[in-house]
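Have a look at input_1.txt below; it lists compact mmCIF, C-alpha atoms (C1' of nucleotides).
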```txt
# COMPACT_ATOMS: atom_id res chain seq x y z
CA MET A 9 -119.33 -187.13 126.39
CA PRO A 10 -122.41 -186.21 128.33
CA ARG A 11 -125.13 -184.66 126.23
CA ALA A 12 -125.83 -180.97 126.65
CA GLY A 13 -129.50 -181.24 125.76
CA LEU A 14 -129.60 -178.39 123.31
CA ASP A 15 -132.21 -177.60 120.71
CA PRO A 16 -132.56 -174.76 118.19
CA ALA A 17 -134.59 -172.61 120.56
CA ALA A 18 -132.00 -172.89 123.33
CA VAL A 19 -129.18 -172.05 120.93
CA VAL A 20 -131.01 -169.03 119.57
CA ALA A 21 -131.96 -167.81 123.05
CA ALA A 22 -128.34 -168.06 124.19
CA ALA A 23 -127.17 -166.28 121.06
CA ALA A 24 -129.65 -163.46 121.61
CA GLY A 25 -128.55 -163.07 125.20
CA LEU A 26 -124.93 -163.06 124.20
CA ALA A 27 -125.63 -160.50 121.49
CA ASP A 28 -127.19 -158.17 124.06
CA GLU A 29 -124.13 -158.51 126.25
CA ILE A 30 -121.24 -158.27 123.80
CA GLY A 31 -122.84 -157.00 120.60
CA LEU A 32 -124.23 -158.96 117.68
CA ALA A 33 -121.03 -158.72 115.67
CA ASN A 34 -119.08 -160.42 118.44
CA VAL A 35 -121.37 -163.44 118.60
CA THR A 36 -119.02 -165.89 116.93
CA MET A 37 -119.78 -169.56 116.71
CA GLY A 38 -116.90 -170.18 119.07
CA ALA A 39 -118.11 -167.72 121.71
CA LEU A 40 -121.66 -169.03 121.52
CA ALA A 41 -120.48 -172.63 121.77
CA GLU A 42 -118.38 -171.81 124.81
CA ARG A 43 -121.34 -170.19 126.55
CA LEU A 44 -123.35 -173.35 125.88
CA GLY A 45 -120.56 -175.64 127.11
CA VAL A 46 -120.10 -177.20 123.71
CA ARG A 47 -117.71 -177.10 120.76
CA ALA A 48 -118.43 -174.85 117.80
CA PRO A 49 -119.15 -177.50 115.17
CA SER A 50 -121.86 -178.98 117.39
CA LEU A 51 -123.98 -175.89 116.85
CA TYR A 52 -124.49 -176.89 113.24
CA LYS A 53 -126.72 -179.72 114.45
CA HIS A 54 -129.27 -177.08 115.50
CA VAL A 55 -128.70 -174.22 113.13
CA THR A 56 -127.51 -174.35 109.54
CA GLY A 57 -124.98 -171.55 109.95
CA GLN A 58 -124.48 -168.01 111.08
CA ALA A 59 -126.95 -166.55 108.60
CA ASP A 60 -129.64 -168.87 109.88
CA LEU A 61 -128.70 -167.99 113.44
CA ASN A 62 -129.05 -164.26 112.83
CA HIS A 63 -132.30 -164.84 111.06
CA ARG A 64 -133.68 -166.73 114.03
CA ILE A 65 -132.46 -164.12 116.47
CA ALA A 66 -134.33 -161.55 114.40
CA ALA A 67 -137.50 -163.63 114.50
CA LEU A 68 -137.19 -163.99 118.26
CA ALA A 69 -136.59 -160.28 118.73
CA LEU A 70 -139.53 -159.26 116.55
CA THR A 71 -141.79 -161.67 118.38
CA GLU A 72 -140.75 -160.26 121.74
CA LEU A 73 -141.10 -156.73 120.46
CA GLY A 74 -144.58 -157.52 119.17
CA ASP A 75 -145.55 -158.91 122.57
CA ALA A 76 -144.17 -155.85 124.32
CA LEU A 77 -146.18 -153.59 122.04
CA ARG A 78 -149.39 -155.53 122.62
CA ASP A 79 -148.90 -155.30 126.35
CA ALA A 80 -148.13 -151.61 126.18
CA LEU A 81 -151.17 -150.83 124.06
CA GLN A 82 -153.73 -152.63 126.23
CA GLY A 83 -156.61 -150.26 126.81
CA ARG A 84 -154.89 -147.21 125.39
CA ALA A 85 -155.80 -144.99 122.48
CA GLY A 86 -154.74 -141.75 120.83
CA ARG A 87 -151.78 -139.97 122.25
CA ASP A 88 -151.67 -142.34 125.16
CA ALA A 89 -151.22 -145.27 122.83
CA LEU A 90 -148.69 -143.42 120.70
CA GLY A 91 -146.54 -142.61 123.71
CA ALA A 92 -146.82 -146.11 125.10
CA ALA A 93 -145.83 -147.70 121.80
CA ALA A 94 -142.92 -145.34 121.33
CA ARG A 95 -141.59 -145.91 124.82
CA ALA A 96 -142.03 -149.65 124.54
CA MET A 97 -140.01 -149.76 121.33
CA ARG A 98 -137.28 -147.56 122.72
CA ALA A 99 -137.10 -149.58 125.92
CA PHE A 100 -136.79 -152.78 123.97
CA VAL A 101 -133.91 -151.47 121.92
CA VAL A 102 -132.12 -150.12 124.97
CA GLU A 103 -132.51 -153.36 126.90
CA HIS A 104 -131.85 -155.71 124.00
CA PRO A 105 -129.54 -153.93 121.59
CA GLY A 106 -127.96 -157.12 120.31
CA ARG A 107 -131.05 -159.01 119.28
CA TYR A 108 -132.60 -155.80 117.97
CA ALA A 109 -129.61 -155.27 115.70
CA ALA A 110 -130.36 -158.63 114.11
CA THR A 111 -133.71 -157.30 112.90
CA LEU A 112 -132.25 -154.46 110.85
CA PRO A 113 -131.12 -156.47 107.79
CA LEU A 114 -134.80 -157.33 107.32
CA ASN A 115 -134.13 -160.40 105.26
CA ALA A 116 -137.49 -162.13 105.22
CA THR A 117 -137.62 -164.83 102.58
CA GLY A 118 -141.36 -165.14 102.16
CA PRO A 119 -144.76 -164.49 103.73
CA ASP A 120 -144.49 -167.59 105.93
CA ASP A 121 -141.06 -166.67 107.23
CA PRO A 122 -141.27 -166.20 111.03
CA VAL A 123 -139.47 -162.91 110.57
CA ALA A 124 -142.19 -161.69 108.23
CA VAL A 125 -144.95 -162.95 110.50
CA ALA A 126 -143.53 -161.34 113.63
CA GLY A 127 -142.72 -158.17 111.70
CA ALA A 128 -146.28 -157.96 110.47
CA ARG A 129 -147.51 -158.25 114.04
CA VAL A 130 -145.34 -155.32 115.04
CA LEU A 131 -146.69 -153.29 112.16
CA ASP A 132 -150.23 -154.24 113.15
CA SER A 133 -149.64 -152.78 116.58
CA LEU A 134 -148.37 -149.55 115.09
CA ALA A 135 -151.38 -149.49 112.78
CA ALA A 136 -153.61 -149.93 115.82
CA VAL A 137 -152.08 -146.80 117.31
CA LEU A 138 -153.07 -144.89 114.20
CA THR A 139 -156.73 -145.90 114.40
CA GLY A 140 -157.01 -143.47 117.30
CA TYR A 141 -156.36 -140.57 114.93
CA PRO A 142 -158.60 -139.02 112.26
CA LEU A 143 -156.55 -140.16 109.29
CA ASP A 144 -157.57 -140.43 105.69
CA PRO A 145 -157.27 -144.19 105.01
CA ALA A 146 -155.07 -143.39 102.03
CA ASP A 147 -152.59 -141.76 104.40
CA THR A 148 -152.40 -144.63 106.86
CA VAL A 149 -149.53 -146.32 105.08
CA HIS A 150 -147.60 -143.06 105.00
CA ALA A 151 -148.19 -142.46 108.69
CA LEU A 152 -147.11 -146.00 109.44
CA ARG A 153 -143.89 -145.43 107.58
CA LEU A 154 -143.42 -142.19 109.45
CA LEU A 155 -143.62 -143.96 112.80
CA ARG A 156 -141.37 -146.74 111.70
CA SER A 157 -138.73 -144.44 110.25
CA LEU A 158 -138.75 -142.27 113.31
CA PHE A 159 -138.40 -145.11 115.79
CA VAL A 160 -135.80 -146.96 113.77
CA GLY A 161 -133.77 -143.82 113.18
CA PHE A 162 -133.92 -142.61 116.76
CA ALA A 163 -132.92 -146.01 118.06
CA ALA A 164 -130.07 -146.30 115.57
CA ILE A 165 -128.63 -142.90 116.44
CA GLU A 166 -129.08 -143.30 120.16
CA SER A 167 -127.51 -146.73 120.32
CA ALA A 168 -124.62 -145.52 118.19
CA GLY A 169 -124.10 -142.74 120.71
CA GLY A 170 -124.84 -140.13 118.10
CA PHE A 171 -126.72 -137.53 120.12
CA GLU A 172 -123.66 -135.76 121.41
CA MET A 173 -125.14 -132.47 122.47
CA ASP A 174 -125.91 -132.06 126.13
CA THR A 175 -129.64 -131.70 125.73
CA SER A 176 -131.41 -134.67 127.28
CA THR A 177 -132.23 -137.50 124.93
CA ASP A 178 -135.30 -138.39 126.97
CA GLU A 179 -136.62 -134.91 126.60
CA SER A 180 -136.12 -135.01 122.84
CA PHE A 181 -137.90 -138.32 122.66
CA GLU A 182 -140.96 -136.99 124.46
CA TRP A 183 -140.86 -133.92 122.26
CA LEU A 184 -140.92 -136.14 119.18
CA ILE A 185 -143.94 -138.01 120.47
CA ALA A 186 -145.77 -134.77 121.10
CA PHE A 187 -144.79 -133.49 117.66
CA VAL A 188 -146.15 -136.56 115.91
CA ASP A 189 -149.31 -136.56 118.01
CA ARG A 190 -150.00 -132.95 117.11
CA GLY A 191 -149.38 -133.62 113.44
CA LEU A 192 -151.57 -136.68 113.29
CA ARG A 193 -154.51 -134.81 114.75
CA ALA A 194 -154.49 -132.06 112.16
CA MET B 30 -92.44 -154.59 90.32
CA PRO B 31 -93.77 -151.36 88.87
CA ARG B 32 -95.12 -148.95 91.44
CA ALA B 33 -98.86 -148.47 91.62
CA GLY B 34 -98.67 -144.89 92.85
CA LEU B 35 -101.22 -145.23 95.60
CA ASP B 36 -101.83 -142.96 98.52
CA PRO B 37 -104.36 -143.05 101.37
CA ALA B 38 -106.88 -140.92 99.49
CA ALA B 39 -106.82 -143.20 96.45
CA VAL B 40 -107.21 -146.28 98.60
CA VAL B 41 -110.15 -144.80 100.48
CA ALA B 42 -111.81 -143.60 97.28
CA ALA B 43 -111.52 -147.03 95.73
CA ALA B 44 -112.85 -148.64 98.89
CA ALA B 45 -115.84 -146.29 98.92
CA GLY B 46 -116.58 -147.05 95.29
CA LEU B 47 -116.29 -150.75 95.87
CA ALA B 48 -118.56 -150.50 98.90
CA ASP B 49 -121.23 -148.83 96.79
CA GLU B 50 -120.99 -151.63 94.26
CA ILE B 51 -120.80 -154.75 96.38
CA GLY B 52 -121.77 -153.60 99.86
CA LEU B 53 -119.57 -152.38 102.67
CA ALA B 54 -119.43 -155.78 104.36
CA ASN B 55 -117.95 -157.32 101.21
CA VAL B 56 -115.09 -154.83 100.99
CA THR B 57 -112.34 -157.17 102.12
CA MET B 58 -108.71 -156.20 102.02
CA GLY B 59 -108.25 -158.79 99.31
CA ALA B 60 -111.04 -157.48 97.10
CA LEU B 61 -109.90 -153.89 97.53
CA ALA B 62 -106.31 -154.81 96.75
CA GLU B 63 -107.38 -156.63 93.62
CA ARG B 64 -109.30 -153.62 92.40
CA LEU B 65 -106.21 -151.50 92.93
CA GLY B 66 -103.94 -153.99 91.16
CA VAL B 67 -101.98 -154.68 94.29
CA ARG B 68 -101.61 -157.38 96.96
CA ALA B 69 -103.54 -157.12 100.19
CA PRO B 70 -100.64 -156.49 102.59
CA SER B 71 -99.58 -153.48 100.53
CA LEU B 72 -102.69 -151.64 101.64
CA TYR B 73 -101.29 -151.44 105.16
CA LYS B 74 -98.75 -148.93 103.88
CA HIS B 75 -101.61 -146.46 103.41
CA VAL B 76 -104.15 -147.43 106.02
CA THR B 77 -103.55 -148.98 109.43
CA GLY B 78 -106.26 -151.63 109.05
CA GLN B 79 -109.87 -152.23 108.27
CA ALA B 80 -111.17 -150.13 111.15
CA ASP B 81 -109.14 -147.18 109.92
CA LEU B 82 -110.37 -147.80 106.39
CA ASN B 83 -114.03 -147.75 107.43
CA HIS B 84 -113.42 -144.68 109.49
CA ARG B 85 -111.95 -142.87 106.51
CA ILE B 86 -114.75 -144.00 104.24
CA ALA B 87 -117.17 -142.54 106.78
CA ALA B 88 -115.30 -139.24 106.79
CA LEU B 89 -115.35 -139.13 103.00
CA ALA B 90 -119.05 -139.91 102.87
CA LEU B 91 -119.99 -137.30 105.46
CA THR B 92 -117.91 -134.71 103.65
CA GLU B 93 -119.62 -135.48 100.36
CA LEU B 94 -123.02 -135.50 102.02
CA GLY B 95 -122.26 -132.14 103.60
CA ASP B 96 -121.32 -130.73 100.20
CA ALA B 97 -124.48 -132.11 98.64
CA LEU B 98 -126.57 -130.51 101.35
CA ARG B 99 -124.88 -127.15 100.93
CA ASP B 100 -125.50 -127.24 97.23
CA ALA B 101 -129.11 -128.27 97.68
CA LEU B 102 -129.82 -125.54 100.20
CA GLN B 103 -128.40 -122.65 98.17
CA GLY B 104 -130.99 -119.89 98.16
CA ARG B 105 -133.77 -121.94 99.68
CA ALA B 106 -135.72 -121.49 102.87
CA GLY B 107 -138.67 -122.94 104.71
CA ARG B 108 -140.46 -125.82 103.17
CA ASP B 109 -138.41 -125.48 100.03
CA ALA B 110 -135.21 -125.98 102.00
CA LEU B 111 -136.68 -128.84 104.01
CA GLY B 112 -137.69 -130.71 100.87
CA ALA B 113 -134.37 -130.06 99.17
CA ALA B 114 -132.40 -131.27 102.15
CA ALA B 115 -134.52 -134.36 102.55
CA ARG B 116 -134.26 -135.28 98.89
CA ALA B 117 -130.53 -134.63 98.84
CA MET B 118 -129.97 -136.95 101.76
CA ARG B 119 -132.15 -139.66 100.35
CA ALA B 120 -130.50 -139.38 96.93
CA PHE B 121 -127.08 -139.68 98.49
CA VAL B 122 -127.99 -142.83 100.35
CA VAL B 123 -129.57 -144.38 97.27
CA GLU B 124 -126.59 -143.59 95.07
CA HIS B 125 -123.90 -144.38 97.63
CA PRO B 126 -125.30 -147.04 99.94
CA GLY B 127 -121.91 -148.53 100.71
CA ARG B 128 -120.07 -145.44 101.86
CA TYR B 129 -123.19 -144.25 103.66
CA ALA B 130 -123.30 -147.49 105.62
CA ALA B 131 -119.83 -146.69 106.93
CA THR B 132 -121.19 -143.58 108.63
CA LEU B 133 -123.71 -145.42 110.80
CA PRO B 134 -121.32 -146.74 113.47
CA LEU B 135 -120.62 -143.08 114.25
CA ASN B 136 -117.32 -143.76 115.93
CA ALA B 137 -115.77 -140.33 116.13
CA THR B 138 -112.80 -140.30 118.46
CA GLY B 139 -112.65 -136.61 119.27
CA PRO B 140 -113.65 -133.13 118.15
CA ASP B 141 -110.82 -132.92 115.63
CA ASP B 142 -111.67 -136.26 114.05
CA PRO B 143 -112.57 -135.69 110.38
CA VAL B 144 -115.70 -137.74 110.97
CA ALA B 145 -116.79 -135.38 113.72
CA VAL B 146 -115.94 -132.30 111.65
CA ALA B 147 -117.82 -133.49 108.57
CA GLY B 148 -120.71 -134.71 110.72
CA ALA B 149 -120.98 -131.32 112.35
CA ARG B 150 -121.15 -129.70 108.92
CA VAL B 151 -124.06 -131.96 108.00
CA LEU B 152 -125.83 -131.04 111.21
CA ASP B 153 -125.18 -127.37 110.51
CA SER B 154 -126.98 -127.70 107.22
CA LEU B 155 -129.95 -129.32 108.88
CA ALA B 156 -129.92 -126.59 111.50
CA ALA B 157 -129.94 -124.04 108.70
CA VAL B 158 -133.12 -125.61 107.38
CA LEU B 159 -134.75 -125.06 110.74
CA THR B 160 -133.98 -121.35 110.84
CA GLY B 161 -136.72 -120.93 108.27
CA TYR B 162 -139.30 -122.00 110.83
CA PRO B 163 -140.68 -120.15 113.87
CA LEU B 164 -139.11 -122.43 116.48
CA ASP B 165 -138.51 -121.75 120.12
CA PRO B 166 -134.70 -121.87 120.38
CA ALA B 167 -135.05 -124.42 123.15
CA ASP B 168 -136.78 -126.73 120.72
CA THR B 169 -134.19 -126.48 117.96
CA VAL B 170 -132.16 -129.40 119.23
CA HIS B 171 -135.27 -131.54 119.43
CA ALA B 172 -136.31 -130.63 115.91
CA LEU B 173 -132.81 -131.38 114.69
CA ARG B 174 -132.99 -134.81 116.23
CA LEU B 175 -136.40 -135.29 114.66
CA LEU B 176 -135.01 -134.63 111.20
CA ARG B 177 -131.99 -136.80 111.75
CA SER B 178 -133.98 -139.70 113.13
CA LEU B 179 -136.48 -139.52 110.33
CA PHE B 180 -133.89 -139.43 107.55
CA VAL B 181 -131.69 -142.10 109.06
CA GLY B 182 -134.63 -144.37 109.75
CA PHE B 183 -136.23 -143.94 106.36
CA ALA B 184 -132.95 -144.59 104.62
CA ALA B 185 -132.25 -147.65 106.74
CA ILE B 186 -135.62 -149.20 106.09
CA GLU B 187 -135.67 -148.36 102.42
CA SER B 188 -132.19 -149.67 101.71
CA ALA B 189 -133.00 -152.83 103.63
CA GLY B 190 -136.02 -153.29 101.38
CA GLY B 191 -138.34 -153.00 104.33
CA PHE B 192 -141.27 -151.11 102.80
CA GLU B 193 -143.02 -154.13 101.39
CA MET B 194 -146.47 -152.75 100.81
CA ASP B 195 -147.30 -151.67 97.31
CA THR B 196 -147.82 -148.01 98.14
CA SER B 197 -145.14 -145.90 96.50
CA THR B 198 -142.12 -145.13 98.61
CA ASP B 199 -141.61 -141.82 96.84
CA GLU B 200 -145.11 -140.78 97.72
CA SER B 201 -144.57 -141.66 101.36
CA PHE B 202 -141.35 -139.68 101.39
CA GLU B 203 -143.04 -136.55 100.09
CA TRP B 204 -145.84 -137.09 102.57
CA LEU B 205 -143.30 -137.19 105.38
CA ILE B 206 -141.75 -133.93 104.26
CA ALA B 207 -145.16 -132.27 104.17
CA PHE B 208 -146.00 -133.67 107.59
CA VAL B 209 -142.84 -132.30 109.15
CA ASP B 210 -143.25 -128.96 107.43
CA ARG B 211 -146.76 -128.61 108.78
CA GLY B 212 -145.66 -129.56 112.27
CA LEU B 213 -142.73 -127.18 112.32
CA ARG B 214 -144.92 -124.24 111.39
CA ALA B 215 -147.40 -124.73 114.23
C1' DG C 3 -131.55 -206.01 125.07
C1' DC C 4 -130.82 -204.46 120.24
C1' DT C 5 -131.07 -201.20 116.73
C1' DT C 6 -131.42 -196.75 114.95
C1' DT C 7 -131.17 -192.10 115.30
C1' DT C 8 -128.62 -188.16 116.50
C1' DA C 9 -125.95 -184.82 119.43
C1' DG C 10 -121.68 -184.26 120.43
C1' DC C 11 -116.61 -184.68 119.24
C1' DT C 12 -111.86 -184.12 116.57
C1' DA C 13 -109.57 -183.01 112.40
C1' DA C 14 -109.17 -180.39 108.49
C1' DC C 15 -109.96 -176.69 104.90
C1' DG C 16 -110.65 -172.12 103.07
C1' DA C 17 -111.29 -167.16 103.64
C1' DC C 18 -109.74 -163.27 105.87
C1' DA C 19 -106.95 -159.67 108.59
C1' DT C 20 -102.72 -158.74 109.98
C1' DT C 21 -97.50 -158.90 110.90
C1' DA C 22 -92.61 -159.65 109.68
C1' DG C 23 -89.17 -159.13 106.82
C1' DC C 24 -87.26 -158.63 102.04
C1' DC C 25 -86.29 -155.97 97.74
C1' DA C 26 -86.74 -152.78 94.02
C1' DT C 27 -88.10 -148.12 92.75
C1' DG C 28 -87.31 -143.57 92.26
C1' DG C 29 -86.45 -139.01 94.04
C1' DA C 30 -82.75 -135.94 96.62
C1' DG C 31 -78.15 -134.49 96.92
C1' DG C 32 -73.55 -134.68 95.39
C1' DC D 18 -74.51 -139.25 86.09
C1' DC D 19 -74.16 -141.72 90.48
C1' DT D 20 -75.24 -142.84 95.00
C1' DC D 21 -78.19 -143.24 98.84
C1' DC D 22 -82.16 -144.03 101.36
C1' DA D 23 -87.00 -143.59 102.30
C1' DT D 24 -90.78 -146.02 100.87
C1' DG D 25 -94.22 -148.81 98.32
C1' DG D 26 -94.58 -153.01 96.80
C1' DC D 27 -93.85 -158.16 97.47
C1' DT D 28 -93.87 -163.19 99.67
C1' DA D 29 -94.35 -165.93 103.64
C1' DA D 30 -96.42 -166.91 107.84
C1' DT D 31 -99.76 -166.61 111.87
C1' DG D 32 -104.14 -166.52 114.15
C1' DT D 33 -109.14 -166.28 114.00
C1' DC D 34 -113.34 -167.66 112.21
C1' DG D 35 -116.94 -170.30 109.59
C1' DT D 36 -117.85 -174.53 107.86
C1' DT D 37 -117.58 -179.59 106.32
C1' DA D 38 -116.41 -184.54 106.90
C1' DG D 39 -116.41 -188.36 109.35
C1' DC D 40 -116.35 -190.76 113.94
C1' DT D 41 -118.57 -192.23 118.43
C1' DA D 42 -121.40 -192.63 122.10
C1' DA D 43 -125.82 -191.39 124.19
C1' DA D 44 -130.63 -191.68 123.94
C1' DA D 45 -134.94 -193.32 122.05
C1' DG D 46 -137.86 -196.87 119.93
C1' DC D 47 -138.97 -201.71 119.32
```
Structure translated into structure tokens:
Amino acid sequence: MPRAGLDPAAVVAAAAGLADEIGLANVTMGALAERLGVRAPSLYKHVTGQADLNHRIAALALTELGDALRDALQGRAGRDALGAAARAMRAFVVEHPGRYAATLPLNATGPDDPVAVAGARVLDSLAAVLTGYPLDPADTVHALRLLRSLFVGFAAIESAGGFEMDTSTDESFEWLIAFVDRGLRA
Amino acid sequence: MPRAGLDPAAVVAAAAGLADEIGLANVTMGALAERLGVRAPSLYKHVTGQADLNHRIAALALTELGDALRDALQGRAGRDALGAAARAMRAFVVEHPGRYAATLPLNATGPDDPVAVAGARVLDSLAAVLTGYPLDPADTVHALRLLRSLFVGFAAIESAGGFEMDTSTDESFEWLIAFVDRGLRA
DNA sequence: GCTTTTAGCTAACGACATTAGCCATGGAGG
DNA sequence: CCTCCATGGCTAATGTCGTTAGCTAAAAGC
């Protein structure tokens, strides 16, 4: 038996890729093992089980999303930053629906959990967007939750194919950004 | 063997109740059968399988949600209606997290699918809320999607326990309603 | 080179969804 | 009241999946 040279990171990366292709729910241990050229029980040498696997996919996804946000926000402020952040999040979900889906259960176990760390970085980026607006500090948390809810909800509905009407989804998305921008300036 | 006197509606109702108690993912055929005092294979006399079961739970939930919205919107308009609708939706999700979760996949098969019919009724109620605002008709669809995204996202994050910070979630929710109300009037 | 670690394997178990096929219930018609 | 038959319940069995136990050979350290 020649060794496959796997490690946890490789397993998680393959799982995330597979999730994007066939959907998170279809990432069975068997399917993942096959993609890695290995038998299913071997995966348990790198990951304690499916829960752990999903958790790690979520951490990976949040880290990547945090990086994407940082890149998108470089040198931008105000409405520019808001639009860039919104589009970056939406693009990430569209391009990586599987790994993104792993982030929804939000099962961080503690402050040192990679999921919590990466999630906090994402929130920091959203908070940075808000600094470009004249907000009462007491309202910052509320505004942050507004952005989060909006992005999460839009992504959920869009990826579930829920915007049936024929009006363009892109157009609605830009309208939402403009709406929030207007509201945050008042 | 005494008959249990089941029918599809009873099975779906029990499944929805069980989902609210233990989570939709834990509603196995075995667990549902046990609750109904029956063996698992017997359920297939009333429902074609788990996919069908989830689908019917979704239809039930959307119907109930539609009713709740109608009730909440009786005789209200403008900000009053917006707040009532928002609180009704949030209350429904909090009280019935399991059956609500079944509605997220949004897998309507056609226009005559009960899921589509009940979903359309929910959207009608939200559209009714918007008639109280001076909106360009071309923007109505966008505003509708705004409301939907916001409610779905907030519910998803809240029920996943994602609002870690110590600021009150209730307060944020009311802030969101006020924010949207302000924006829709401009 | 020898030992120790460890990544991979096969075999096996338990939970679950689903199908096949049997049998008793209980309502409809005589 | 009796018979018939549609139907709701059952047991048994299959296939898939996650997971554990225990073996073996490849690599890594001395």
Exercise for the section: Considering all atoms listed in the file, state which residue in the set C:DC18, C:DC11, C:DC25, C:DA30 is at the smallest distance from DG25 in chain D. Expected result: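 Result for the nearest residue to DG25 in chain D: C:DC25.
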Exercise for the section: At a cut-off of 9 Å, list the chain A residues touching chain D, using all atoms listed in the file, as a PyMOL selection string. Expected result: chain A and resi 9-11+36-38+49+52+57-58
Practice task
Enumerate, as JSON, numbers by chain, the protein, DNA and RNA residues whose atoms approach (-141.7, -125.2, 112.2) to within 8 Å, taking into account all atoms listed in the file and the coordinate frame of the file.
Solution key: {"B": [159, 161, 162, 163, 164, 209, 210, 211, 212, 213, 214, 215]}
Closest contacts (chain A/chain C, max 10 Å, only C-alpha atoms (C1' of nucleotides)) as JSON lines:
```
{"residue": "A:Met9", "atom": "CA", "partner": "C:DG10", "partner_atom": "C1'", "distance": 7.0}
{"residue": "A:Pro10", "atom": "CA", "partner": "C:DG10", "partner_atom": "C1'", "distance": 8.2}
{"residue": "A:Arg11", "atom": "CA", "partner": "C:DG10", "partner_atom": "C1'", "distance": 6.8}
{"residue": "A:Ala12", "atom": "CA", "partner": "C:DG10", "partner_atom": "C1'", "distance": 8.2}
{"residue": "A:Gly13", "atom": "CA", "partner": "C:DA9", "partner_atom": "C1'", "distance": 8.1}
{"residue": "A:Leu14", "atom": "CA", "partner": "C:DA9", "partner_atom": "C1'", "distance": 8.3}
{"residue": "A:Asp15", "atom": "CA", "partner": "C:DA9", "partner_atom": "C1'", "distance": 9.6}
{"residue": "A:Val46", "atom": "CA", "partner": "C:DG10", "partner_atom": "C1'", "distance": 7.9}
{"residue": "A:Arg47", "atom": "CA", "partner": "C:DC11", "partner_atom": "C1'", "distance": 7.8}
{"residue": "A:Pro49", "atom": "CA", "partner": "C:DC11", "partner_atom": "C1'", "distance": 8.6}
{"residue": "A:Ser50", "atom": "CA", "partner": "C:DG10", "partner_atom": "C1'", "distance": 6.1}
{"residue": "A:Leu51", "atom": "CA", "partner": "C:DG10", "partner_atom": "C1'", "distance": 9.4}
{"residue": "A:Lys53", "atom": "CA", "partner": "C:DA9", "partner_atom": "C1'", "distance": 7.2}
{"residue": "A:His54", "atom": "CA", "partner": "C:DA9", "partner_atom": "C1'", "distance": 9.3}
```
Handout entry: Non-local contacts of Ser157 in chain A (9 Å; only C-alpha atoms (C1' of nucleotides); under 3 positions in same chain excluded) as a PyMOL selection string
Key = (chain A and resi 152-154+160-162) or (chain B and resi 178-186)
Practice task
Excluding range 135-137 of chain B and residues on its chain fewer than 4 positions from it, collect all residues at most 10 Å away from it, counting all atoms listed in the file, and give them as number ranges by chain.
Solution key: A: 165, 167-170; B: 83-84, 87-88, 131, 141-146, 148
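One finds CA of Ser180 in chain A at 7.8 Å from CA of Val170 in chain B.
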Practice task
Give the answer as one residue: which of B:Thr160, B:Ser154, B:Thr92, B:Thr138 has the shortest atom-to-atom distance to chain A, using only C-alpha atoms?
Solution key: B:Thr138
Handout entry: Which residue of B:Pro134, B:Gly112, B:Gly95, B:Pro37 approaches chain A most closely, using all atoms listed in the file
Key = B:Pro134
Exercise for the section: Can you work out the spacing between CA of Glu193 in chain B and CA of Leu70 in chain A in Å, to one decimal? Expected result: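 If I compute the distance from CA of Glu193 in chain B to CA of Leu70 in chain A, I get 16.4 Å.
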